[in-house]
Amino acid sequence: MKKIILYTLLVIVTCSSVFAKNYTRKEYIQKYKDLAIREMERTGIPASITMAQGVLESQNGNSLLARKANNHFGIKCHDWVGPSMKFDDDKKNECFRKYTNPYESYKDHSKFLTTRSRYAFLFKYRSDDYKRWAHGLKKAGYATDPKYAHKLISIIEAEHLYKLDRKGAGKDFVVSKPDDTELADIDGDLSIDPFGARLEEANGIHYIVTKKGDTFYSIEKNLGVERKKLLRYNDLPKNYILQIDQRLYLHNKRNKAARGYNFHRVKEGESLYGISQQYGVKLKRLCKYNGVKKNYKVQTGERIWLRKKKR
């Protein structure tokens with residue numbers, strides 16, 4: 001009896017897999033283009049790029065990874081602590097992220113690009129410059145395929161996805177939205193400033209300049225960096241209140257300034273902490289290089305060493 005039941009279940013599963021609907025490219029675009037537009041408005045990543053990557057990486061939503069793990073962008077586990085799925089890729093049995101629904105995959109794709117330093121330079125490009133973004137993704141190592149950038153551009157131009165990058169694309173790009181678009185748990189993030197487009201870099205470290213309305217919570221929600229880490233990265237006390245027009249690093253500052261910056265000549269109104277933030281150097285390191293304490297008040301015209309003094 002048990003064998004019969006097991007055989008029946010096997011037949012059902014097999015039939016379900018065989019007769020599962022396969023999406024065409026156009027059907028996939030219809031189903032998920034709104035998510036791509038939404039993420040562009042939220043983070044600054046071109047919708048055409050997101051859509052083309054989704055098409056390519058998920059095989060129009062038909063790949064095993066997309067169907068079983070809702071992973072539409074082939075993002076591997078890396079530092080992921082959530083659910084995962086083992087899958088053969090460049091190597092056997094590699095770990096890939098698993099999501100509850102496709103929208104989580106789209107949001108995590110945005111987070112992946114906006115919070116990793118190797119992709120920082122992409123946000124200096126315009127959101128409608130899909131060619132530079134495509135080549136930039138390949139340059140940053142998103143995929144190992146040497147033709148990756150050309151494949152993305154080919155998809156974008158064949159399907160006119162560049163229209164998605166235009167303001168009001170949700171209306172201009174006429175594609176009917178099916179009832180089962182699975183826009184799961186969409187919240188009010190569109191009112192949040194696109195943090196990804198605000199990323200800047202100093203000494204090889206990402207930072208943003210805070211503006212009115214920014215909070216530690218909104219930064220953590222959009223860029224995935226916890227408040228306690230932001231405080232530590234920026235040499236700030238536990239009870240610190242965020243200020244407007246403040247440079248806020250998203251990773252640990254360096255032990256020394258970039259090459260070519262050996263020292264800084266103090267200007268009126270500057271502080272040791274401000275110099276630390278300007279050059280992306282840990283405050284305790286500046287103190288060590290200059291033989292001073294953290295509360296030291298710099299003098300106009302004084303030379304502050306940014307690297308170990310040359311003998």
# chains A, B, ... in the order shown; residues from 1 in each chain; ligands from 1
>>> residues_around(residues="range 240-257 of chain A", least_positions_apart="6", cutoff="7 Å", atoms="only C-alpha atoms", output="MDAnalysis selection string")
chainID A and resid 203 205:212 215 225 230 233:234 277 279:282 285 306:307
>>> residues_around(residues="Arg25 in chain A", least_positions_apart="5", cutoff="9 Å", atoms="only C-alpha atoms", output="ChimeraX atom specification")
/A:30,55,59-61,159
>>> residues_around(residues="Pro146 in chain A", least_positions_apart="5", cutoff="12 Å", atoms="only C-alpha atoms", output="mmCIF file with C-alpha atoms, in the first residue's frame")
data_model
loop_
_atom_site.group_PDB
_atom_site.id
_atom_site.type_symbol
_atom_site.label_atom_id
_atom_site.label_comp_id
_atom_site.auth_asym_id
_atom_site.auth_seq_id
_atom_site.Cartn_x
_atom_site.Cartn_y
_atom_site.Cartn_z
ATOM 1 C CA ALA A 134 25.692 46.581 -18.557
ATOM 2 C CA HIS A 135 29.422 46.869 -19.176
ATOM 3 C CA LEU A 137 28.224 44.974 -14.163
ATOM 4 C CA LYS A 138 30.524 42.758 -16.203
ATOM 5 C CA LYS A 139 33.564 44.784 -15.146
ATOM 6 C CA GLY A 141 32.356 40.721 -11.795
ATOM 7 C CA LYS A 151 23.637 39.763 -23.813
ATOM 8 C CA LEU A 152 21.983 42.282 -21.484
#
>>> closest_residue(among="A:Lys107, A:Lys288, A:Lys91, A:Lys267", to="Lys221 in chain A", atoms="only C-alpha atoms")
A:Lys107
>>> atom_distance(atom1="CA of Pro102 in chain A", atom2="CA of Thr144 in chain A")
23.8 Å
>>> atom_distance(atom1="CA of His160 in chain A", atom2="CA of Asp129 in chain A")
13.6 Å
